[in-house]
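Enquirer: Please read through the structure below; I'll follow up with questions.
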Amino acid sequence: MTQNNQTPGDHFGKLAAVYFLFLIATVAIGTSVSSIYSRYHIRQTGISRTGTVYDIEHEISTDTDALVFKVKFDYNGKDYEIHNDSRTIDNRYHLNQKVGVMFISDSPEEAIIDDLREKSLPPLFLIIGLAILAFAIYLLKAERRFALKSL
């Protein structure tokens with residue numbers, strides 16, 4: 001029968017990893033909740049306009065292969081430009097296609113593309129953040145149980 005002789009450094013390393021997971025979960029949850037609230041606020045109080053896809057960039061790098069759709073719209077005689085929130089490889093828009101745009105009258109430069117597919121990423125990050133948080137809590141409880149047993 002082998003005996004598990006953990007040093008305080010082993011315990012500290014495991015706790016550091018668990019708290020790092022807490023940090024990642026907090027960032028993912030905070031970012032997604034902020035984005036979900038922002039979209040909700042714009043949908044409830046925002047102005048709707050029609051924009052036009054004027055450019056499609058194909059971004060390719062070592063870790064990215066995505067399409068970025070750039071949209072122009074007019075508000076109060078001034079042109080504004082936005083791009084899709086989520087970088088995607090699907091060809092959902094085409095040049096000169098009309099798309100719905102929503103924004104708050106005080107900040108039209110922070111407009112969003114009014115498309116169901118564009119708002120699916122924040123809830124996904126929320127789910128991932130909650131899963132990481134649950135896993136970190138499980139690991140923390142398991143590490144504390146183990147530390148108490150070894151006393």
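The chains in the structure tokens are called A, B, ... from first to last as shown; in each chain the residues are counted from 1, and the ligands are counted from 1 in the order shown.
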Which polymer residues have any atom within 12 Å of an atom of Gly30 (chain A), counting only C-alpha atoms, with same-chain residues fewer than 3 positions away left out, as a list in words?

Expert: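 Residues near the query, excluding close chain neighbours: Phe22, Leu23, Ile24, Ala25, Thr26, Val27, Val33, Ser34, Ser35, Ile36, Tyr37, Pro122, Pro123, Phe125, Leu126, Ile127, Ile128, Gly129 and Leu130 of chain A.
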
Enquirer: Could you pull the residues within 12 Å of Asp106 (chain A), counting only C-alpha atoms, minus those fewer than 4 positions along the same chain, as number ranges by chain?

Expert: A: 42, 45-47, 75-76, 110-111

Enquirer: Please dump the current selection as a PDB file, in the first residue's frame; keep N, CA and C atoms.

Expert:
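Written out: part.pdb:
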ATOM      1  N   ILE A  42     -30.919  47.113 -26.033  1.00  0.00           N
ATOM      2  CA  ILE A  42     -31.060  47.666 -27.383  1.00  0.00           C
ATOM      3  C   ILE A  42     -32.373  47.193 -28.013  1.00  0.00           C
ATOM      4  N   THR A  45     -35.350  49.195 -26.187  1.00  0.00           N
ATOM      5  CA  THR A  45     -35.445  50.648 -26.300  1.00  0.00           C
ATOM      6  C   THR A  45     -34.804  51.197 -27.565  1.00  0.00           C
ATOM      7  N   GLY A  46     -34.286  50.336 -28.410  1.00  0.00           N
ATOM      8  CA  GLY A  46     -33.507  50.788 -29.556  1.00  0.00           C
ATOM      9  C   GLY A  46     -34.327  51.167 -30.775  1.00  0.00           C
ATOM     10  N   ILE A  47     -33.601  51.692 -31.724  1.00  0.00           N
ATOM     11  CA  ILE A  47     -34.154  52.104 -33.011  1.00  0.00           C
ATOM     12  C   ILE A  47     -33.732  51.067 -34.036  1.00  0.00           C
ATOM     13  N   TYR A  75     -28.279  57.204 -40.181  1.00  0.00           N
ATOM     14  CA  TYR A  75     -29.116  57.686 -39.084  1.00  0.00           C
ATOM     15  C   TYR A  75     -28.902  59.187 -38.951  1.00  0.00           C
ATOM     16  N   ASN A  76     -29.970  59.935 -39.025  1.00  0.00           N
ATOM     17  CA  ASN A  76     -29.921  61.397 -38.944  1.00  0.00           C
ATOM     18  C   ASN A  76     -28.946  61.999 -39.948  1.00  0.00           C
ATOM     19  N   GLU A 110     -22.662  51.996 -31.752  1.00  0.00           N
ATOM     20  CA  GLU A 110     -22.654  50.720 -31.036  1.00  0.00           C
ATOM     21  C   GLU A 110     -23.831  49.843 -31.469  1.00  0.00           C
ATOM     22  N   ALA A 111     -24.164  49.924 -32.723  1.00  0.00           N
ATOM     23  CA  ALA A 111     -25.296  49.171 -33.267  1.00  0.00           C
ATOM     24  C   ALA A 111     -24.992  47.673 -33.302  1.00  0.00           C
TER      25      ALA A 111
END

Enquirer: As an exercise, work out the distance from CA of Asp115 (chain A) to CA of Val99 (chain A) in Å and give it to one decimal place.

Expert: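 Rounded to one decimal, the two atoms are 8.1 Å apart.
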
Enquirer: Rank A:Leu140, A:Gly77, A:Leu133, A:Gln97 by their smallest atom-to-atom distance to Ile29 (chain A), using only C-alpha atoms, and report the top residue only.

Expert: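 So, comparing all the options, the nearest one is A:Leu133.
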
Enquirer: Using DSSP on the backbone, list every residue of region 26-149 of chain A that comes out as alpha helix (DSSP H), and give them as a ChimeraX atom specification.

Expert: /A:26-45,121-149

Enquirer: For Phe135 (chain A), which residue out of A:Ala66, A:Ala16, A:Leu21, A:Ile113 is the nearest one, using only C-alpha atoms?

Expert: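 Smallest separation from Phe135 (chain A) among the options: A:Leu21.
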
Enquirer: Can you work out which one of A:His41, A:Arg144, A:Lys72, A:Lys14 has the shortest atom-to-atom distance to Lys98 (chain A), counting only C-alpha atoms?

Expert: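 Distance minimum relative to Lys98 (chain A) lands on A:Lys72.
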